[in-house]
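Next comes upload-v4.cif, with mmCIF, C-alpha atoms and all ligand atoms.
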```cif
data_target
loop_
_atom_site.label_atom_id
_atom_site.label_comp_id
_atom_site.auth_asym_id
_atom_site.auth_seq_id
_atom_site.Cartn_x
_atom_site.Cartn_y
_atom_site.Cartn_z
CA MET A 1 33.69 5.50 9.71
CA THR A 2 35.18 8.70 11.06
CA GLU A 3 33.06 11.64 12.07
CA GLN A 4 34.60 13.52 9.16
CA ARG A 5 33.65 10.86 6.71
CA SER A 6 30.20 10.34 8.16
CA GLY A 7 29.73 14.10 8.09
CA SER A 8 29.37 16.95 10.51
CA GLN A 9 28.48 20.60 10.50
CA GLY A 10 30.69 22.54 8.09
CA VAL A 11 31.82 19.46 6.14
CA HIS A 12 30.55 19.17 2.58
CA LEU A 13 29.32 15.61 2.23
CA ASP A 14 29.27 13.65 -1.00
CA CYS A 15 25.76 12.55 -0.09
CA LEU A 16 23.14 13.02 2.57
CA ILE A 17 20.83 10.02 2.89
CA VAL A 18 17.45 10.90 4.37
CA GLY A 19 15.87 7.76 5.82
CA GLY A 20 17.36 4.57 7.23
CA GLY A 21 14.96 1.87 6.02
CA PRO A 22 15.94 -0.89 3.55
CA ALA A 23 16.48 1.66 0.74
CA GLY A 24 18.60 4.18 2.66
CA LEU A 25 20.65 1.53 4.46
CA THR A 26 21.46 -0.27 1.21
CA ALA A 27 22.61 2.99 -0.38
CA ALA A 28 24.71 3.69 2.73
CA LEU A 29 26.40 0.29 2.49
CA TYR A 30 27.32 0.93 -1.15
CA LEU A 31 28.60 4.45 -0.44
CA ALA A 32 30.64 3.17 2.52
CA ARG A 33 32.27 0.54 0.31
CA PHE A 34 32.94 3.22 -2.33
CA GLY A 35 34.77 5.21 0.37
CA ARG A 36 32.38 8.16 0.18
CA ARG A 37 31.63 10.84 2.76
CA PHE A 38 27.99 10.52 3.65
CA MET A 39 25.55 10.74 6.50
CA VAL A 40 22.35 8.80 7.15
CA VAL A 41 19.70 10.60 9.17
CA ASP A 42 16.73 8.46 10.14
CA ALA A 43 13.58 9.33 12.05
CA GLY A 44 13.23 5.68 13.10
CA ASP A 45 9.79 4.84 11.73
CA SER A 46 10.53 2.37 8.94
CA ARG A 47 7.53 0.52 7.55
CA ALA A 48 9.79 -2.50 7.54
CA SER A 49 9.74 -2.43 11.34
CA TRP A 50 6.03 -3.40 11.18
CA ILE A 51 6.64 -6.60 9.24
CA PRO A 52 5.93 -9.47 11.67
CA THR A 53 7.63 -12.11 9.47
CA SER A 54 8.26 -11.83 5.77
CA HIS A 55 8.53 -14.86 3.53
CA ASN A 56 9.27 -13.07 0.27
CA ILE A 57 12.79 -11.86 1.01
CA PRO A 58 15.31 -13.98 -0.93
CA PHE A 59 17.80 -15.94 1.26
CA PHE A 60 15.33 -16.12 4.17
CA ALA A 61 13.24 -19.14 3.24
CA ASP A 62 12.06 -19.59 6.83
CA GLY A 63 11.04 -15.94 7.06
CA ILE A 64 12.56 -12.89 8.66
CA ALA A 65 11.05 -10.13 10.82
CA GLY A 66 11.28 -6.55 9.58
CA ARG A 67 13.19 -5.41 12.67
CA GLU A 68 15.77 -8.09 12.07
CA ILE A 69 16.23 -6.93 8.47
CA LEU A 70 16.94 -3.42 9.76
CA ASP A 71 19.24 -4.64 12.55
CA ARG A 72 21.22 -6.74 10.10
CA GLN A 73 21.52 -3.86 7.64
CA ARG A 74 22.73 -1.46 10.36
CA GLU A 75 25.18 -4.06 11.64
CA HIS A 76 26.51 -4.64 8.12
CA LEU A 77 26.97 -0.90 7.62
CA ALA A 78 28.73 -0.61 10.98
CA ARG A 79 31.45 -3.00 9.78
CA TYR A 80 32.54 -0.17 7.48
CA GLY A 81 32.21 2.41 10.24
CA GLY A 82 28.85 3.68 8.99
CA GLN A 83 26.38 4.91 11.56
CA VAL A 84 22.82 6.07 11.46
CA ILE A 85 22.01 9.36 13.17
CA ARG A 86 18.58 9.34 14.77
CA GLY A 87 16.82 12.55 13.81
CA THR A 88 14.54 14.23 11.31
CA ILE A 89 15.48 16.34 8.33
CA THR A 90 13.12 19.28 8.57
CA VAL A 91 14.35 21.51 5.74
CA LEU A 92 16.10 20.70 2.49
CA SER A 93 17.10 23.48 0.11
CA LYS A 94 19.34 24.07 -2.87
CA ALA A 95 22.67 25.69 -1.98
CA GLU A 96 25.94 26.44 -3.69
CA GLY A 97 27.54 23.16 -4.73
CA GLY A 98 24.50 21.06 -3.87
CA PHE A 99 22.09 21.14 -0.94
CA ALA A 100 21.76 22.46 2.59
CA ALA A 101 19.67 20.62 5.14
CA ARG A 102 18.61 21.18 8.70
CA PHE A 103 17.87 18.38 11.04
CA LYS A 104 16.72 17.83 14.55
CA GLU A 105 18.86 15.23 16.24
CA ASP A 106 17.02 13.05 18.75
CA ALA A 107 20.07 12.81 21.00
CA GLY A 108 21.09 15.97 22.83
CA ALA A 109 17.53 17.18 23.45
CA GLY A 110 16.65 17.74 19.83
CA VAL A 111 19.60 19.93 18.89
CA LEU A 112 19.21 21.55 15.47
CA ARG A 113 22.07 20.84 13.11
CA LYS A 114 22.95 21.91 9.60
CA VAL A 115 24.56 19.82 6.94
CA GLN A 116 25.70 20.46 3.38
CA ALA A 117 25.89 17.80 0.73
CA ARG A 118 26.64 17.72 -2.96
CA ARG A 119 23.89 15.22 -3.54
CA VAL A 120 20.93 13.97 -1.54
CA LEU A 121 19.17 10.62 -1.56
CA LEU A 122 15.62 10.70 -0.29
CA ALA A 123 14.68 7.29 1.14
CA THR A 124 11.84 8.41 3.38
CA GLY A 125 9.26 5.74 2.48
CA ALA A 126 5.53 6.07 3.10
CA ASP A 127 2.88 5.76 5.81
CA ASP A 128 -0.17 3.50 5.69
CA GLU A 129 -3.65 5.00 5.64
CA GLU A 130 -5.27 3.27 8.59
CA PRO A 131 -8.89 2.05 8.39
CA GLY A 132 -11.14 4.07 10.69
CA PHE A 133 -12.55 1.25 12.78
CA PRO A 134 -14.49 2.16 15.91
CA ASP A 135 -12.21 2.29 18.99
CA LEU A 136 -9.30 0.75 17.09
CA PRO A 137 -6.45 3.06 16.18
CA ASP A 138 -3.42 1.68 14.33
CA ALA A 139 -5.03 -1.58 13.20
CA ILE A 140 -2.29 -2.14 10.61
CA ARG A 141 0.54 -1.28 12.97
CA ARG A 142 -0.91 -3.62 15.57
CA GLY A 143 -0.96 -6.40 12.99
CA LEU A 144 -4.76 -6.84 13.18
CA VAL A 145 -5.19 -5.80 9.58
CA ARG A 146 -2.66 -6.75 6.97
CA TYR A 147 -1.51 -4.30 4.42
CA CYS A 148 0.05 -6.14 1.52
CA PRO A 149 -1.26 -9.30 -0.20
CA ILE A 150 1.80 -9.32 -2.48
CA CYS A 151 3.86 -9.72 0.72
CA ASP A 152 1.86 -12.37 2.56
CA GLY A 153 -1.23 -13.34 0.53
CA TYR A 154 0.38 -16.71 -0.06
CA GLU A 155 0.05 -17.49 3.66
CA ALA A 156 -3.68 -16.61 3.42
CA ARG A 157 -4.54 -18.78 0.44
CA GLY A 158 -7.91 -20.51 0.55
CA LYS A 159 -9.02 -18.46 3.57
CA ARG A 160 -12.05 -16.21 3.97
CA ILE A 161 -10.59 -12.81 3.19
CA ALA A 162 -11.88 -9.23 3.46
CA VAL A 163 -10.33 -6.33 1.59
CA ILE A 164 -11.03 -2.85 2.98
CA GLY A 165 -11.03 -0.24 0.27
CA HIS A 166 -12.98 1.74 -2.27
CA GLY A 167 -12.64 3.04 -5.79
CA ASP A 168 -10.43 1.32 -8.34
CA ARG A 169 -7.69 0.70 -5.78
CA GLY A 170 -9.93 -1.23 -3.38
CA LEU A 171 -11.61 -3.22 -6.12
CA GLY A 172 -8.33 -3.86 -7.90
CA GLU A 173 -6.82 -5.33 -4.75
CA ALA A 174 -9.92 -7.46 -4.08
CA ALA A 175 -9.70 -8.81 -7.65
CA PHE A 176 -5.97 -9.50 -7.22
CA VAL A 177 -6.62 -11.48 -4.04
CA ALA A 178 -9.57 -13.35 -5.59
CA ARG A 179 -7.72 -14.42 -8.74
CA THR A 180 -4.47 -15.26 -6.92
CA TYR A 181 -5.24 -16.62 -3.46
CA SER A 182 -8.85 -17.29 -2.53
CA PRO A 183 -12.33 -17.68 -4.06
CA ASP A 184 -13.88 -16.23 -0.88
CA VAL A 185 -13.25 -12.48 -0.98
CA THR A 186 -15.40 -9.64 0.35
CA LEU A 187 -14.79 -5.97 -0.38
CA LEU A 188 -15.64 -3.70 2.57
CA THR A 189 -16.08 -0.13 1.31
CA LEU A 190 -16.81 1.25 4.83
CA GLY A 191 -19.61 3.38 3.44
CA ARG A 192 -17.61 4.88 0.58
CA GLY A 193 -17.71 4.01 -3.12
CA VAL A 194 -21.27 2.75 -2.93
CA ASN A 195 -22.04 3.12 -6.64
CA LEU A 196 -20.01 0.76 -8.79
CA ASN A 197 -19.80 1.60 -12.48
CA ALA A 198 -20.37 -0.99 -15.21
CA ASP A 199 -16.68 -1.99 -15.46
CA GLN A 200 -16.41 -2.36 -11.70
CA ARG A 201 -19.59 -4.49 -11.54
CA LYS A 202 -18.16 -6.73 -14.26
CA LEU A 203 -14.94 -7.19 -12.25
CA VAL A 204 -16.98 -8.07 -9.16
CA GLU A 205 -18.97 -10.68 -11.10
CA THR A 206 -15.95 -12.16 -12.88
CA HIS A 207 -14.13 -12.83 -9.62
CA GLY A 208 -17.16 -13.61 -7.45
CA ILE A 209 -16.35 -10.78 -5.04
CA LYS A 210 -18.96 -9.97 -2.42
CA VAL A 211 -19.35 -6.26 -1.66
CA VAL A 212 -20.41 -4.79 1.71
CA HIS A 213 -20.98 -1.05 1.61
CA GLU A 214 -22.21 -0.55 5.17
CA PRO A 215 -19.83 1.19 7.61
CA ILE A 216 -18.43 -0.94 10.43
CA HIS A 217 -19.95 -0.19 13.84
CA GLY A 218 -18.28 -2.79 16.01
CA LEU A 219 -15.77 -5.62 15.97
CA ASP A 220 -14.43 -8.48 18.05
CA ILE A 221 -10.77 -9.31 18.51
CA GLU A 222 -9.72 -12.81 19.56
CA ASP A 223 -6.22 -14.25 19.77
CA GLY A 224 -4.70 -11.11 18.26
CA ARG A 225 -6.92 -10.93 15.20
CA ILE A 226 -10.24 -9.39 14.19
CA THR A 227 -12.75 -12.23 13.99
CA LEU A 228 -16.09 -10.44 13.63
CA LEU A 229 -17.24 -7.19 12.08
CA ARG A 230 -20.68 -5.69 12.74
CA THR A 231 -22.19 -3.26 10.25
CA ALA A 232 -24.60 -0.41 10.91
CA ASN A 233 -27.62 -2.47 9.79
CA GLY A 234 -26.85 -5.21 12.35
CA GLU A 235 -25.25 -7.73 9.97
CA GLU A 236 -22.27 -9.72 11.20
CA HIS A 237 -19.36 -10.77 9.00
CA ARG A 238 -16.62 -13.23 9.90
CA PHE A 239 -13.26 -13.32 8.18
CA GLN A 240 -9.98 -15.13 8.72
CA VAL A 241 -7.81 -12.42 7.19
CA LEU A 242 -8.35 -8.68 6.59
CA TYR A 243 -6.34 -6.55 4.18
CA SER A 244 -6.45 -2.79 3.97
CA ALA A 245 -6.24 -1.30 0.48
CA LEU A 246 -6.72 2.29 1.61
CA GLY A 247 -3.39 3.38 0.23
CA LEU A 248 -0.31 5.19 1.42
CA LYS A 249 0.73 8.72 2.34
CA ILE A 250 4.03 9.16 0.55
CA ARG A 251 6.68 10.92 2.65
CA SER A 252 7.94 13.11 -0.20
CA GLU A 253 7.36 16.61 1.24
CA LEU A 254 11.07 17.52 1.17
CA ALA A 255 11.22 16.75 -2.58
CA LEU A 256 7.88 18.38 -3.35
CA ALA A 257 9.12 21.59 -1.72
CA LEU A 258 11.88 21.57 -4.37
CA ASN A 259 9.27 20.99 -7.10
CA ALA A 260 10.24 17.40 -7.87
CA GLU A 261 7.88 15.72 -10.32
CA HIS A 262 5.45 13.22 -8.81
CA ASP A 263 2.52 11.12 -9.95
CA GLY A 264 -0.24 13.16 -8.30
CA THR A 265 -0.23 11.11 -5.07
CA GLY A 266 3.22 12.38 -4.05
CA ALA A 267 5.12 9.30 -5.30
CA LEU A 268 8.28 10.59 -6.97
CA ILE A 269 9.10 10.06 -10.63
CA VAL A 270 12.70 8.92 -11.15
CA ASP A 271 14.85 7.91 -14.12
CA GLU A 272 16.81 4.67 -14.55
CA HIS A 273 19.48 5.95 -12.12
CA ASN A 274 16.88 6.89 -9.51
CA ARG A 275 17.39 10.60 -10.11
CA THR A 276 14.36 12.80 -9.48
CA THR A 277 13.66 15.76 -11.74
CA VAL A 278 15.53 18.02 -9.26
CA PRO A 279 19.22 18.01 -10.27
CA GLY A 280 21.31 16.21 -7.64
CA LEU A 281 18.32 14.83 -5.75
CA TYR A 282 17.82 11.06 -5.86
CA ALA A 283 14.97 8.96 -4.46
CA ALA A 284 14.75 5.29 -3.54
CA GLY A 285 12.22 2.85 -2.07
CA GLY A 286 8.66 3.54 -1.02
CA VAL A 287 8.88 7.26 -1.78
CA VAL A 288 9.23 6.40 -5.49
CA ARG A 289 6.31 5.54 -7.74
CA GLY A 290 6.06 1.78 -8.21
CA LEU A 291 6.12 -1.45 -6.25
CA ASP A 292 6.71 -0.83 -2.53
CA GLN A 293 8.70 -3.89 -1.47
CA VAL A 294 11.87 -4.50 0.50
CA VAL A 295 13.87 -5.95 -2.38
CA VAL A 296 12.78 -3.13 -4.71
CA ALA A 297 13.80 -0.54 -2.11
CA MET A 298 17.20 -2.21 -1.77
CA GLY A 299 17.63 -2.28 -5.57
CA HIS A 300 16.79 1.43 -5.80
CA GLY A 301 19.33 2.18 -3.07
CA ALA A 302 22.07 0.30 -4.93
CA VAL A 303 21.30 2.01 -8.25
CA ALA A 304 21.19 5.49 -6.74
CA ALA A 305 24.37 5.05 -4.69
CA THR A 306 26.32 3.83 -7.71
CA ASP A 307 25.24 6.79 -9.80
CA ILE A 308 26.07 9.20 -6.97
CA HIS A 309 29.53 7.64 -6.64
CA ASN A 310 30.14 7.86 -10.39
CA ARG A 311 29.35 11.56 -10.33
CA CYS A 312 31.16 12.52 -7.15
CA GLU A 313 34.31 14.11 -8.60
CA LEU A 314 32.25 15.92 -11.17
CA PRO A 315 30.65 19.29 -10.79
CA THR A 316 27.17 19.01 -9.37
CA GLU A 317 24.39 19.22 -11.91
CA GLU A 318 23.94 22.94 -11.30
CA GLU A 319 27.60 23.94 -11.48
CA ALA A 320 29.26 24.88 -14.78
CA ASP A 321 29.94 21.78 -16.92
CA GLY A 322 27.55 19.81 -14.74
CA ALA A 323 27.62 16.07 -14.95
CA GLU A 324 25.04 15.16 -17.56
CA LYS A 325 27.58 13.83 -20.10
CA VAL A 326 29.06 11.17 -17.86
CA PRO A 327 28.47 7.47 -18.54
CA ASN A 328 27.09 5.47 -15.63
CA GLY A 329 28.50 2.03 -15.19
CA GLY A 330 27.08 -0.62 -12.99
C1 LIG B 401 2.70 -4.52 7.89
C2 LIG B 401 3.63 -4.49 6.72
C3 LIG B 401 4.12 -5.68 6.18
C4 LIG B 401 4.99 -5.66 5.08
N1 LIG B 401 5.46 -6.85 4.61
C5 LIG B 401 6.37 -6.85 3.61
C6 LIG B 401 6.92 -8.07 3.14
O1 LIG B 401 6.60 -9.16 3.63
N2 LIG B 401 7.81 -8.01 2.10
C7 LIG B 401 8.18 -6.84 1.51
O2 LIG B 401 8.99 -6.86 0.58
N3 LIG B 401 7.67 -5.66 1.96
C8 LIG B 401 6.79 -5.64 2.98
N4 LIG B 401 6.27 -4.45 3.42
C9 LIG B 401 6.68 -3.19 2.74
C10 LIG B 401 8.07 -2.74 3.22
O3 LIG B 401 8.04 -2.50 4.61
C11 LIG B 401 8.49 -1.48 2.45
O4 LIG B 401 8.50 -1.77 1.07
C12 LIG B 401 9.89 -1.00 2.86
O5 LIG B 401 9.98 -0.78 4.25
C13 LIG B 401 10.26 0.27 2.09
O6 LIG B 401 11.56 0.66 2.50
P1 LIG B 401 12.02 2.18 2.47
O7 LIG B 401 13.46 2.17 2.92
O8 LIG B 401 11.70 2.79 1.17
O9 LIG B 401 11.09 2.94 3.51
P2 LIG B 401 10.92 2.70 5.08
O10 LIG B 401 11.24 1.32 5.45
O11 LIG B 401 9.57 3.20 5.47
O12 LIG B 401 12.03 3.65 5.74
C14 LIG B 401 11.97 5.05 5.60
C15 LIG B 401 12.67 5.69 6.78
O13 LIG B 401 12.82 7.10 6.54
C16 LIG B 401 12.55 7.79 7.75
N5 LIG B 401 12.19 9.18 7.44
C17 LIG B 401 11.05 9.64 6.84
N6 LIG B 401 11.10 10.98 6.74
C18 LIG B 401 12.29 11.38 7.29
C19 LIG B 401 12.93 12.65 7.49
N7 LIG B 401 12.35 13.79 7.08
N8 LIG B 401 14.14 12.68 8.12
C20 LIG B 401 14.74 11.53 8.51
N9 LIG B 401 14.17 10.29 8.34
C21 LIG B 401 12.98 10.23 7.74
C22 LIG B 401 11.42 6.99 8.38
O14 LIG B 401 11.30 7.27 9.76
C23 LIG B 401 11.88 5.56 8.08
O15 LIG B 401 12.72 5.06 9.12
C24 LIG B 401 5.39 -4.42 4.50
C25 LIG B 401 4.89 -3.22 5.05
C26 LIG B 401 4.03 -3.25 6.13
C27 LIG B 401 3.51 -1.95 6.71
#
```
What do you get writing this file as structure tokens?
Ligand SMILES: Cc1cc2nc3c(=O)[nH]c(=O)nc-3n(C[C@H](O)[C@H](O)[C@H](O)COP(=O)(O)OP(=O)(O)OC[C@H]3O[C@@H](n4cnc5c(N)ncnc54)[C@H](O)[C@@H]3O)c2cc1C
Amino acid sequence: MTEQRSGSQGVHLDCLIVGGGPAGLTAALYLARFGRRFMVVDAGDSRASWIPTSHNIPFFADGIAGREILDRQREHLARYGGQVIRGTITVLSKAEGGFAARFKEDAGAGVLRKVQARRVLLATGADDEEPGFPDLPDAIRRGLVRYCPICDGYEARGKRIAVIGHGDRGLGEAAFVARTYSPDVTLLTLGRGVNLNADQRKLVETHGIKVVHEPIHGLDIEDGRITLLRTANGEEHRFQVLYSALGLKIRSELALALNAEHDGTGALIVDEHNRTTVPGLYAAGGVVRGLDQVVVAMGHGAVAATDIHNRCELPTEEEADGAEKVPNGG
């Protein structure tokens, strides 16, 4: 892909893709094959890169590591000349004919660049809330605590499992694990959510979930996993697998600054073409409300890219005779 096609200062792109995880890279592949002018800017912190081995990605029955998914996607894109620029979009604003963005490119000592695009796809994903264990930062990133039972609960079936969380989210995940994978589930609230209401107590009883409210004061790590947790009152708890259900920080600030609708947690609301409520701004993957999974992110990317392509020759949504009347084919 030429510099002109992949975009540079002064060139009006068909689309700026913010984020080069599974969602953004899928959209880029589609746009490349549609012959569109686009640019992918990626800060290089995909959640997919933390996946040790995934067994729920179709075609990879023996499992695939997250980094390999990303490498393969970038390599596939490169066959069409598409490249990913390492950098961070810091400002996104509405401008004549679409959007203007500023980004800090990692190469060249963080040079600030500007780019204009008729449409923008936000594929910025989310960050995990890490459990605040004593002397253990980044427990999820280090693979000591798992994040997603939908992803790898199957591999933990029948094991002694702890779910770290509170409120409906924590309890909901503990119930999901108990009814799907294991009868031996403990909910660790880490000192929060001590008072369960009647509905929550019923859920606990129905699924035989044990609840530990005491904060964790110490832990042991053996062979790359947490084997023992000590609570403030001196009790010791042993588990084979720990999941965190503390939630996600959605990376949607650029869209929220443009007043895009979200669900209250920052997860963006989109229509069936992955358009946000800001005309011309699309969103795909973990930044969108719903199931945060690789295949879903890829599906979002494909849907958004196809709609963007179908609207490219048309006026942008804010120009006269903007594109609302156009049919969207698949
Ligand atoms: C430990 C772990 C295990 C998992 N296991 C599985 C699994 O087995 N199966 C499965 O389906 N899913 C799994 N997931 C979830 C999966 O990783 C996500 O669903 C997926 O990565 C979402 O893709 P995405 O493209 O939306 O976001 P991401 O992969 O997070 O990519 C977003 C990209 O956007 C970049 N970005 C953010 N803001 C900016 C900005 N302002 N400018 C430029 N770039 C920016 C980020 O740096 C990042 O590179 C797992 C997640 C974790 C943490």
**OP:** Considering only C-alpha atoms, state which residue in the set A:Gly24, A:Leu121, A:Val295, A:Lys104 is at the smallest distance from Phe59 of chain A.
**Re:** A:Val295
Original post:
So which residues are near ligand LIG 401 (chain B), meaning at most 7 Å away with only C-alpha atoms and all ligand atoms counted, given back as an MDAnalysis selection string?
Top reply: chainID A and resid 18:24 41:57 87:90 123:126 128 140:141 143 146:148 151:152 251 284:287 292:295 297
Subject >> Contacts of segment 94-103 of chain A at 9 Å (only C-alpha atoms; same-chain gap of 3+ positions) as a PyMOL selection string >> reply: chain A and resi 12+16+41+87-91+110-120+258+279-281+315-319
**OP:** Identify which of the residues A:Arg142, A:Arg179, A:His300, A:Arg36 lies closest to Thr206 of chain A, counting only C-alpha atoms when measuring atom-to-atom distances.
**Re:**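 Selected residue with least distance to Thr206 of chain A: A:Arg179.
The space between atom CA of Thr277 of chain A and atom CA of Leu256 of chain A spans 10.5 Å.
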Original post:
Interatomic distance between atom CA of Arg37 of chain A and atom CA of Thr276 of chain A?
Top reply: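 About the pair atom CA of Arg37 of chain A and atom CA of Thr276 of chain A: they are 21.3 Å apart.
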Subject >> Distance in Å - atom CA of Leu190 of chain A versus atom CA of Arg157 of chain A >> reply: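 Straight-line distance from atom CA of Leu190 of chain A to atom CA of Arg157 of chain A works out to 23.9 Å.
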Quick one: 4 Å padding each side, axis-aligned, all listed atoms of segment 174-184 of chain A - centre and edge lengths in Å to one decimal, as AutoDock Vina command-line options?
```
--center_x -9.2 --center_y -12.6 --center_z -4.8 --size_x 17.4 --size_y 18.2 --size_z 15.9
```
Original post:
Using only C-alpha atoms, which residue out of A:Glu155, A:Asp127, A:Thr180, A:Ala78 lies closest to Leu248 of chain A?
Top reply: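 Among A:Glu155, A:Asp127, A:Thr180, A:Ala78, it is A:Asp127 that comes nearest to Leu248 of chain A.
Using only C-alpha atoms for every distance, the candidate list A:Gly247, A:Gly191, A:Pro134, A:Gly153 yields A:Pro134 as the residue closest to Asp220 of chain A.
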Subject >> Of the listed residues A:Asn274, A:Ser244, A:Asn195, A:Gln73, that which approaches Leu122 of chain A most closely, counting only C-alpha atoms >> reply: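 Using only C-alpha atoms, Leu122 of chain A sits closest to A:Asn274.
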Subject >> Selection near Val204 of chain A, 12 Å with all atoms listed in the file, sequence-local residues under 5 positions removed, as a list in words >> reply: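 Non-adjacent residues within range: Asp168, Gly170, Leu171, Gly172, Glu173, Ala174, Ala175, Phe176, Ala178, Arg179, Pro183, Val185, Thr186, Leu187, Leu196, Asn197, Ala198, Asp199, Ile209, Lys210, Val211 and Val212 of chain A.
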Original post:
From the set A:Leu92, A:Ala257, A:Ala232, A:Cys312, which residue has the shortest atom-to-atom contact distance to Leu219 of chain A, counting all atoms listed in the file?
Top reply: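 Smallest distance to Leu219 of chain A is found for A:Ala232.
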Original post:
Within 10 Å of Leu29 of chain A, counting all atoms listed in the file, which residues qualify if same-chain residues fewer than 3 places away don't, as a count of residues only?
Top reply: 19
